[in-house]
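See below for the structure under consideration.
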Amino acid sequence: MKVTETLNEGLKREYAITVTAAELDAKVEEKLKEAQPSVEMKGFRKGKVPMALLRKQFGQRLMGESMQEAIDGALSSHLEETGDRPAAQPEMKMTNEDWKEGDDVEISVSYEKLPEIEDVDFSKVKLERLIVKADEASVKEALENLAESPQAVTYEAKKTQAKDGDQVVLDFVGKIDGEPFDGGAAEDYPLVLGSNSFIPGFEDGLLKVKAGDEKDVEVTFPEDYQAENLAGKKAVFSCTIKEVRGPKKPKLDDDLAKKFGAEDLEALKGQITERLEAEYSGASRAIAKRGLLDALDKKVKFDLPALLVEAEANQIAHQLWHEENPEVEGHDHPEIKPTDEHIKLAERRVKLGLLLADIGQKAEVKVTDQEMTQAIMNQARQYPGQERQFFEFVQQNAQFRQQLQAPMFEDKVVDHILAQAAVTDKEVSKEDLEKAVEKLEEE
C-alpha cells in the first residue's frame, strides 16, 4: 500500500492512496479461508467446498469489503502516524473509475485538519468580576412583589362596582341555543376579573356588577377550544352575583412569610437575600464569561478550518433569516447567503469552540454521568407526566445528549480558566449590574 501527499496548504491535506491488486487478493483469500469451515453447498460436505468455487460464489462481494477495509485501514494508519485530526469526515473517491478486478485501486483522500493550538497562560488574562450584595431596599421590593402575588392577596367584601382585579363570587349557568351544556354551570365560584381564567369576553362582561345583580353574559367559544362540541359556538351565561370583593394587600409580617413556607419574616428575608444574590451572581458570571471569551479571542491566534466556518456561517444566516421571517416554518425559501457579518461571527464561534475544546481536553475536563443525569432530570421536569418517554428519547438520541452536554462542558472549561485567571472583584450596585447585562444583550 502506498500513500503519497498531493496537497499541503494551511490546514488542507490531500493524499493519493494506492492499494495493490495483490493486497486485495490476499485479503479476499483470507476472508474465504475464514468462512470456508462454516460454508455448506449442495454436493459438498460442510467445510469442504473448494476455494475456487467459494471465490466464484462470494469473491465479488468480498472484494468490495476488502477494498473498503484496506482504504479505511490506510487512512487510519496515516492519521495515527501524522497525528492529524480531521475537522470533518474526510472526502474519499476512486480516481481510476474504470477499475476492474486485477487492477490496483487508486483513492484520493482530502480533509482539513484541526489546527495545533498553543497553550495559554491564563494567569495573564485579566478580568473584572462584578459583585452585588442584596441591600435592604431590594429585599423589601421583592417582599412587596410577593405580597401582591395571587398566592398572598386576600379579598374583602365591598359595596362598589366590580373592577379589574376584584374578585366576584357568582352562580352561573351557560346555555347554547337555550340548552344548558355539560361543565357550563357552577355555584359560589370565586372569579378574579382580569385573571383570564375564563373564555375571552366572560370576565369583561362582569365589570361594573354589584352584589345582588343578575346579568346575562354573551360569549363565543374560541375556534380552537379544547372541547370540540363547544368550539366556535355562541353561548349565554346567566350569572347571579353573590358578592364583590376587593383585593387586600397583606402586611409584611410573619403570617405572610408562612404562606411562602418560611418560619417567620426574618427567615423569608434570608431566603429572598439568597435568591437575589444567586441571581446577581449568575448575571455577574455571564458578564465575566463574555469578558473571558473576548480576551481569549484577542489573545489566541490559529488557522481555522474553512469548512467549519462555512457551515457555522450558513447556520447563523439561516437561523437569523427564520427569526426575521417567522411565518416560514419549513425550508421552502430562497437561497440564504451569509453576509460578512455572519462570517465574522462564525469565525469567532469556531475559534472559541476549538480553543475551549482543546483546553478542556488538555485539562481532562469531564462531564460526569451524575451531572448528565441531573441535567436530564431537570429537562424532564418540563414534561410533567411524560418523564418516562423523555428519558427513552434521550437514551435513543445521541445528538440530543451531545447538545445537552456541550454547554455543560463549556461552563466547566470556563470555570477551569477563571480559577487561574487574574480576576479582580468589584462591588457595584444592582443598577450598574443591570446596565452591564443590558449592554451584554445588545452586543
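Chain labels run A, B, ... following the order of the C-alpha cells; each chain numbers its residues from 1, and ligands are numbered from 1 in the order shown.
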Output as a compact mmCIF listing (two decimals) with N, CA, C and O atoms, in the first residue's frame all residues of range 3-43 of chain A that backbone DSSP marks as alpha helix (DSSP H).
```txt
# COMPACT_ATOMS: atom_id res chain seq x y z
N ALA A 21 -3.33 -4.71 -6.28
CA ALA A 21 -4.21 -5.85 -6.57
C ALA A 21 -3.82 -7.05 -5.73
O ALA A 21 -4.68 -7.81 -5.27
N ALA A 22 -2.50 -7.23 -5.50
CA ALA A 22 -2.02 -8.36 -4.71
C ALA A 22 -2.52 -8.27 -3.27
O ALA A 22 -2.93 -9.27 -2.66
N GLU A 23 -2.51 -7.05 -2.70
CA GLU A 23 -3.01 -6.86 -1.33
C GLU A 23 -4.50 -7.20 -1.24
O GLU A 23 -4.95 -7.85 -0.30
N LEU A 24 -5.27 -6.72 -2.23
CA LEU A 24 -6.70 -7.00 -2.24
C LEU A 24 -6.97 -8.49 -2.35
O LEU A 24 -7.81 -9.05 -1.64
N ASP A 25 -6.23 -9.13 -3.24
CA ASP A 25 -6.44 -10.57 -3.46
C ASP A 25 -6.11 -11.35 -2.19
O ASP A 25 -6.81 -12.31 -1.84
N ALA A 26 -5.06 -10.94 -1.50
CA ALA A 26 -4.68 -11.62 -0.26
C ALA A 26 -5.77 -11.46 0.80
O ALA A 26 -6.06 -12.40 1.55
N LYS A 27 -6.39 -10.28 0.86
CA LYS A 27 -7.46 -10.05 1.83
C LYS A 27 -8.67 -10.91 1.51
O LYS A 27 -9.32 -11.47 2.39
N VAL A 28 -9.01 -11.00 0.21
CA VAL A 28 -10.14 -11.84 -0.20
C VAL A 28 -9.87 -13.29 0.16
O VAL A 28 -10.73 -14.00 0.70
N GLU A 29 -8.65 -13.74 -0.12
CA GLU A 29 -8.27 -15.12 0.18
C GLU A 29 -8.38 -15.40 1.69
O GLU A 29 -8.89 -16.45 2.12
N GLU A 30 -7.96 -14.45 2.47
CA GLU A 30 -8.02 -14.59 3.92
C GLU A 30 -9.47 -14.72 4.39
O GLU A 30 -9.80 -15.55 5.23
N LYS A 31 -10.35 -13.89 3.84
CA LYS A 31 -11.76 -13.94 4.23
C LYS A 31 -12.40 -15.27 3.81
O LYS A 31 -13.22 -15.83 4.54
N LEU A 32 -12.04 -15.76 2.63
CA LEU A 32 -12.60 -17.02 2.15
C LEU A 32 -12.16 -18.18 3.06
O LEU A 32 -12.95 -19.07 3.37
N LYS A 33 -10.90 -18.16 3.48
CA LYS A 33 -10.40 -19.22 4.35
C LYS A 33 -11.10 -19.19 5.72
O LYS A 33 -11.37 -20.22 6.32
N GLU A 34 -11.38 -17.97 6.19
CA GLU A 34 -12.08 -17.84 7.47
C GLU A 34 -13.49 -18.40 7.38
O GLU A 34 -14.01 -19.01 8.32
N ALA A 35 -14.13 -18.17 6.22
CA ALA A 35 -15.52 -18.59 6.06
C ALA A 35 -15.66 -20.06 5.66
O ALA A 35 -16.70 -20.69 5.92
```
Which neighbours of Asp255 in chain A fall inside 8 Å, counting only C-alpha atoms, when residues of the same chain fewer than 4 positions from it are skipped, and could you give them as a list in words?
->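 My list of contacting residues is Lys259, Asp264 and Leu265 of chain A.
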I need the chosen residues saved as a PDB file, in the first residue's frame, with N, CA and C atoms.
```
ATOM      1  N   LYS A 259     -47.053  31.846  54.475  1.00  0.00           N
ATOM      2  CA  LYS A 259     -47.710  31.493  53.215  1.00  0.00           C
ATOM      3  C   LYS A 259     -46.693  31.018  52.168  1.00  0.00           C
ATOM      4  N   ASP A 264     -40.768  32.572  59.721  1.00  0.00           N
ATOM      5  CA  ASP A 264     -41.167  33.936  60.089  1.00  0.00           C
ATOM      6  C   ASP A 264     -40.621  34.902  59.036  1.00  0.00           C
ATOM      7  N   LEU A 265     -40.869  36.195  59.254  1.00  0.00           N
ATOM      8  CA  LEU A 265     -40.483  37.205  58.268  1.00  0.00           C
ATOM      9  C   LEU A 265     -38.973  37.269  58.073  1.00  0.00           C
TER      10      LEU A 265
END
```
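The space separating CA of Gly73 in chain A from CA of Val309 in chain A comes to 29.1 Å.
Using only C-alpha atoms for every distance, the candidate list A:Thr95, A:Asn145, A:Gln68, A:Thr6 yields A:Thr6 as the residue closest to Tyr111 in chain A.
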Tell me, as a list in words, which residues lie within 8 Å of Asp84 in chain A, counting only C-alpha atoms; anything in the same chain fewer than 3 positions away does not count.
->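 Contacts, with the query itself left out: Leu79, Glu80, Lys113 and Leu114 of chain A.
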Residues at most 9 Å from Lys366 in chain A, counting only C-alpha atoms, excluding those fewer than 6 positions away in the same chain, as a ChimeraX atom specification?
-> /A:360,409,412
Could those residues be written to a file, using all heavy atoms, as a compact mmCIF listing (two decimals), in the first residue's frame?
```txt
# COMPACT_ATOMS: atom_id res chain seq x y z
N GLY A 360 -10.10 22.07 27.39
CA GLY A 360 -10.79 21.06 28.18
C GLY A 360 -10.16 19.69 28.05
O GLY A 360 -10.02 18.96 29.04
N PHE A 409 -20.05 21.18 29.39
CA PHE A 409 -18.60 21.06 29.22
C PHE A 409 -17.98 22.45 29.09
O PHE A 409 -16.96 22.75 29.72
CB PHE A 409 -18.31 20.22 27.98
CG PHE A 409 -16.85 20.13 27.63
CD1 PHE A 409 -16.01 19.24 28.28
CD2 PHE A 409 -16.30 20.95 26.64
CE1 PHE A 409 -14.66 19.16 27.97
CE2 PHE A 409 -14.95 20.88 26.32
CZ PHE A 409 -14.14 19.98 26.99
N LYS A 412 -17.73 24.21 32.41
CA LYS A 412 -16.69 23.65 33.27
C LYS A 412 -15.30 24.11 32.81
O LYS A 412 -14.42 24.36 33.64
CB LYS A 412 -16.78 22.12 33.28
CG LYS A 412 -18.04 21.58 33.92
CD LYS A 412 -18.01 20.08 34.12
CE LYS A 412 -17.22 19.70 35.34
NZ LYS A 412 -17.40 18.29 35.73
```
Using only C-alpha atoms: which of A:Leu7, A:Leu345, A:Val367, A:Leu296 has the shortest distance to Glu310 in chain A |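 Once distances to Glu310 in chain A are computed over only C-alpha atoms, the minimum belongs to A:Leu345.
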Quick one: residues within 10 Å of Leu404 in chain A, only C-alpha atoms, excluding same-chain residues fewer than 2 positions away - as a PDB file with all heavy atoms, in the first residue's frame?
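Written output follows (part23.pdb):
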```pdb
ATOM      1  N   MET A 372     -24.735  14.558  34.039  1.00  0.00           N
ATOM      2  CA  MET A 372     -25.616  14.355  32.892  1.00  0.00           C
ATOM      3  C   MET A 372     -27.001  13.904  33.348  1.00  0.00           C
ATOM      4  O   MET A 372     -28.024  14.390  32.850  1.00  0.00           O
ATOM      5  CB  MET A 372     -25.015  13.320  31.939  1.00  0.00           C
ATOM      6  CG  MET A 372     -24.012  13.877  30.959  1.00  0.00           C
ATOM      7  SD  MET A 372     -24.748  15.075  29.798  1.00  0.00           S
ATOM      8  CE  MET A 372     -25.830  14.004  28.839  1.00  0.00           C
ATOM      9  N   ALA A 375     -28.878  16.820  34.696  1.00  0.00           N
ATOM     10  CA  ALA A 375     -29.316  17.710  33.614  1.00  0.00           C
ATOM     11  C   ALA A 375     -30.533  17.127  32.894  1.00  0.00           C
ATOM     12  O   ALA A 375     -31.465  17.854  32.542  1.00  0.00           O
ATOM     13  CB  ALA A 375     -28.169  17.935  32.625  1.00  0.00           C
ATOM     14  N   ILE A 376     -30.517  15.821  32.665  1.00  0.00           N
ATOM     15  CA  ILE A 376     -31.648  15.162  32.003  1.00  0.00           C
ATOM     16  C   ILE A 376     -32.893  15.243  32.874  1.00  0.00           C
ATOM     17  O   ILE A 376     -34.004  15.500  32.383  1.00  0.00           O
ATOM     18  CB  ILE A 376     -31.302  13.691  31.679  1.00  0.00           C
ATOM     19  CG1 ILE A 376     -30.190  13.636  30.628  1.00  0.00           C
ATOM     20  CG2 ILE A 376     -32.532  12.932  31.183  1.00  0.00           C
ATOM     21  CD1 ILE A 376     -29.600  12.246  30.420  1.00  0.00           C
ATOM     22  N   GLN A 379     -34.383  18.655  32.628  1.00  0.00           N
ATOM     23  CA  GLN A 379     -35.104  18.801  31.361  1.00  0.00           C
ATOM     24  C   GLN A 379     -36.434  18.064  31.420  1.00  0.00           C
ATOM     25  O   GLN A 379     -37.445  18.544  30.925  1.00  0.00           O
ATOM     26  CB  GLN A 379     -34.248  18.254  30.214  1.00  0.00           C
ATOM     27  CG  GLN A 379     -33.042  19.100  29.861  1.00  0.00           C
ATOM     28  CD  GLN A 379     -33.388  20.245  28.933  1.00  0.00           C
ATOM     29  OE1 GLN A 379     -34.300  20.148  28.125  1.00  0.00           O
ATOM     30  NE2 GLN A 379     -32.672  21.339  29.061  1.00  0.00           N
ATOM     31  N   VAL A 394     -34.095  10.462  25.203  1.00  0.00           N
ATOM     32  CA  VAL A 394     -32.701  10.850  25.432  1.00  0.00           C
ATOM     33  C   VAL A 394     -31.763   9.660  25.229  1.00  0.00           C
ATOM     34  O   VAL A 394     -30.690   9.787  24.625  1.00  0.00           O
ATOM     35  CB  VAL A 394     -32.528  11.434  26.850  1.00  0.00           C
ATOM     36  CG1 VAL A 394     -31.050  11.666  27.168  1.00  0.00           C
ATOM     37  CG2 VAL A 394     -33.298  12.738  26.980  1.00  0.00           C
ATOM     38  N   ALA A 398     -28.441  10.244  20.487  1.00  0.00           N
ATOM     39  CA  ALA A 398     -27.073  10.648  20.843  1.00  0.00           C
ATOM     40  C   ALA A 398     -26.842  12.129  20.563  1.00  0.00           C
ATOM     41  O   ALA A 398     -26.124  12.815  21.298  1.00  0.00           O
ATOM     42  CB  ALA A 398     -26.064   9.801  20.081  1.00  0.00           C
ATOM     43  N   GLN A 399     -27.474  12.636  19.492  1.00  0.00           N
ATOM     44  CA  GLN A 399     -27.283  14.044  19.139  1.00  0.00           C
ATOM     45  C   GLN A 399     -27.850  14.957  20.228  1.00  0.00           C
ATOM     46  O   GLN A 399     -27.239  15.969  20.578  1.00  0.00           O
ATOM     47  CB  GLN A 399     -27.959  14.348  17.798  1.00  0.00           C
ATOM     48  CG  GLN A 399     -27.713  15.774  17.312  1.00  0.00           C
ATOM     49  CD  GLN A 399     -28.337  16.040  15.953  1.00  0.00           C
ATOM     50  OE1 GLN A 399     -28.991  15.175  15.376  1.00  0.00           O
ATOM     51  NE2 GLN A 399     -28.161  17.241  15.444  1.00  0.00           N
ATOM     52  N   PHE A 400     -29.011  14.584  20.773  1.00  0.00           N
ATOM     53  CA  PHE A 400     -29.601  15.401  21.838  1.00  0.00           C
ATOM     54  C   PHE A 400     -28.715  15.377  23.080  1.00  0.00           C
ATOM     55  O   PHE A 400     -28.536  16.404  23.742  1.00  0.00           O
ATOM     56  CB  PHE A 400     -31.001  14.891  22.179  1.00  0.00           C
ATOM     57  CG  PHE A 400     -31.686  15.702  23.245  1.00  0.00           C
ATOM     58  CD1 PHE A 400     -32.349  16.874  22.923  1.00  0.00           C
ATOM     59  CD2 PHE A 400     -31.642  15.311  24.581  1.00  0.00           C
ATOM     60  CE1 PHE A 400     -32.953  17.641  23.908  1.00  0.00           C
ATOM     61  CE2 PHE A 400     -32.251  16.069  25.568  1.00  0.00           C
ATOM     62  CZ  PHE A 400     -32.915  17.238  25.221  1.00  0.00           C
ATOM     63  N   ARG A 401     -28.180  14.199  23.410  1.00  0.00           N
ATOM     64  CA  ARG A 401     -27.289  14.106  24.568  1.00  0.00           C
ATOM     65  C   ARG A 401     -26.066  15.005  24.376  1.00  0.00           C
ATOM     66  O   ARG A 401     -25.603  15.655  25.313  1.00  0.00           O
ATOM     67  CB  ARG A 401     -26.844  12.658  24.800  1.00  0.00           C
ATOM     68  CG  ARG A 401     -27.947  11.744  25.272  1.00  0.00           C
ATOM     69  CD  ARG A 401     -27.398  10.462  25.896  1.00  0.00           C
ATOM     70  NE  ARG A 401     -26.555   9.710  24.977  1.00  0.00           N
ATOM     71  CZ  ARG A 401     -27.000   8.839  24.090  1.00  0.00           C
ATOM     72  NH1 ARG A 401     -28.315   8.611  23.991  1.00  0.00           N
ATOM     73  NH2 ARG A 401     -26.180   8.176  23.301  1.00  0.00           N
ATOM     74  N   GLN A 402     -25.550  15.045  23.150  1.00  0.00           N
ATOM     75  CA  GLN A 402     -24.404  15.901  22.861  1.00  0.00           C
ATOM     76  C   GLN A 402     -24.772  17.375  23.012  1.00  0.00           C
ATOM     77  O   GLN A 402     -23.998  18.168  23.554  1.00  0.00           O
ATOM     78  CB  GLN A 402     -23.895  15.627  21.437  1.00  0.00           C
ATOM     79  CG  GLN A 402     -22.747  16.513  20.994  1.00  0.00           C
ATOM     80  CD  GLN A 402     -21.510  16.382  21.867  1.00  0.00           C
ATOM     81  OE1 GLN A 402     -21.261  15.325  22.427  1.00  0.00           O
ATOM     82  NE2 GLN A 402     -20.748  17.453  21.998  1.00  0.00           N
ATOM     83  N   ALA A 406     -22.784  19.673  25.692  1.00  0.00           N
ATOM     84  CA  ALA A 406     -21.861  20.699  25.192  1.00  0.00           C
ATOM     85  C   ALA A 406     -21.810  21.951  26.067  1.00  0.00           C
ATOM     86  O   ALA A 406     -20.713  22.392  26.462  1.00  0.00           O
ATOM     87  CB  ALA A 406     -22.208  21.063  23.747  1.00  0.00           C
ATOM     88  N   PRO A 407     -22.943  22.589  26.412  1.00  0.00           N
ATOM     89  CA  PRO A 407     -22.841  23.796  27.258  1.00  0.00           C
ATOM     90  C   PRO A 407     -22.330  23.501  28.663  1.00  0.00           C
ATOM     91  O   PRO A 407     -21.688  24.355  29.271  1.00  0.00           O
ATOM     92  CB  PRO A 407     -24.289  24.323  27.285  1.00  0.00           C
ATOM     93  CG  PRO A 407     -25.148  23.154  26.917  1.00  0.00           C
ATOM     94  CD  PRO A 407     -24.327  22.321  25.997  1.00  0.00           C
ATOM     95  N   MET A 408     -22.599  22.288  29.168  1.00  0.00           N
ATOM     96  CA  MET A 408     -22.090  21.913  30.491  1.00  0.00           C
ATOM     97  C   MET A 408     -20.564  21.803  30.446  1.00  0.00           C
ATOM     98  O   MET A 408     -19.863  22.274  31.353  1.00  0.00           O
ATOM     99  CB  MET A 408     -22.711  20.588  30.932  1.00  0.00           C
ATOM    100  CG  MET A 408     -24.218  20.645  31.120  1.00  0.00           C
ATOM    101  SD  MET A 408     -24.943  18.996  31.295  1.00  0.00           S
ATOM    102  CE  MET A 408     -24.163  18.441  32.806  1.00  0.00           C
ATOM    103  N   PHE A 409     -20.053  21.180  29.395  1.00  0.00           N
ATOM    104  CA  PHE A 409     -18.601  21.061  29.218  1.00  0.00           C
ATOM    105  C   PHE A 409     -17.978  22.450  29.095  1.00  0.00           C
ATOM    106  O   PHE A 409     -16.955  22.745  29.723  1.00  0.00           O
ATOM    107  CB  PHE A 409     -18.306  20.225  27.976  1.00  0.00           C
ATOM    108  CG  PHE A 409     -16.845  20.133  27.627  1.00  0.00           C
ATOM    109  CD1 PHE A 409     -16.009  19.236  28.283  1.00  0.00           C
ATOM    110  CD2 PHE A 409     -16.301  20.945  26.643  1.00  0.00           C
ATOM    111  CE1 PHE A 409     -14.657  19.158  27.974  1.00  0.00           C
ATOM    112  CE2 PHE A 409     -14.952  20.879  26.323  1.00  0.00           C
ATOM    113  CZ  PHE A 409     -14.136  19.982  26.986  1.00  0.00           C
TER     114      PHE A 409
END
```
Find the residue from A:Ala134, A:Asp332, A:Thr154, A:Lys249 that sits nearest to Gln271 in chain A; use only C-alpha atoms when measuring.
-> A:Ala134
A:Leu256, A:Leu292, A:Glu101, A:Thr240 ranked by distance to Gly64 in chain A, top pick (using only C-alpha atoms) =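 Closest to Gly64 in chain A, using only C-alpha atoms: A:Glu101.
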Measure the distance from CA of Asp164 in chain A to CA of Gly194 in chain A in Å and round it to one decimal.
-> 5.6 Å
Please identify all polymer residues within 12 Å of Ser238 in chain A, counting only C-alpha atoms, omitting same-chain residues fewer than 2 positions from it, and present them as a list in words.
-> Leu170, Asp171, Phe172, Val173, Gly174, Lys175, Ile176, Gly178, Glu179, Pro180, Gly184, Ala185, Ala186, Glu187, Phe202, Gly205, Leu206, Asp213, Glu214, Lys215, Asp216, Val217, Glu218, Val219, Ala235, Val236, Thr240 and Ile241 of chain A
Non-local contacts of Ile199 in chain A (10 Å; only C-alpha atoms; under 3 positions in same chain excluded) as a compact mmCIF listing (two decimals) with N, CA and C atoms, in the first residue's frame:
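The new file out_13.txt reads:
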```txt
# COMPACT_ATOMS: atom_id res chain seq x y z
N ASN A 196 -58.01 36.14 33.30
CA ASN A 196 -58.09 35.41 32.02
C ASN A 196 -58.23 33.89 32.23
N PHE A 202 -65.88 36.80 28.92
CA PHE A 202 -66.67 36.50 30.11
C PHE A 202 -66.35 37.46 31.25
N GLU A 203 -65.08 37.62 31.55
CA GLU A 203 -64.69 38.47 32.67
C GLU A 203 -64.99 39.94 32.37
N VAL A 219 -70.93 35.22 25.06
CA VAL A 219 -69.54 34.96 24.64
C VAL A 219 -69.55 34.01 23.45
N THR A 220 -68.40 33.91 22.80
CA THR A 220 -68.20 32.93 21.72
C THR A 220 -66.98 32.10 22.06
N PHE A 221 -67.14 30.78 22.11
CA PHE A 221 -66.00 29.92 22.39
C PHE A 221 -64.98 30.01 21.25
N PRO A 222 -63.70 30.02 21.58
CA PRO A 222 -62.66 30.07 20.53
C PRO A 222 -62.77 28.88 19.57
N TYR A 225 -61.03 25.78 20.80
CA TYR A 225 -61.36 25.37 22.17
C TYR A 225 -61.21 23.86 22.31
```
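The nearest approach to Lys299 in chain A among the residues A:Leu130, A:Leu355, A:Ala436, A:Ala142, with only C-alpha atoms taken into account, belongs to A:Leu355.
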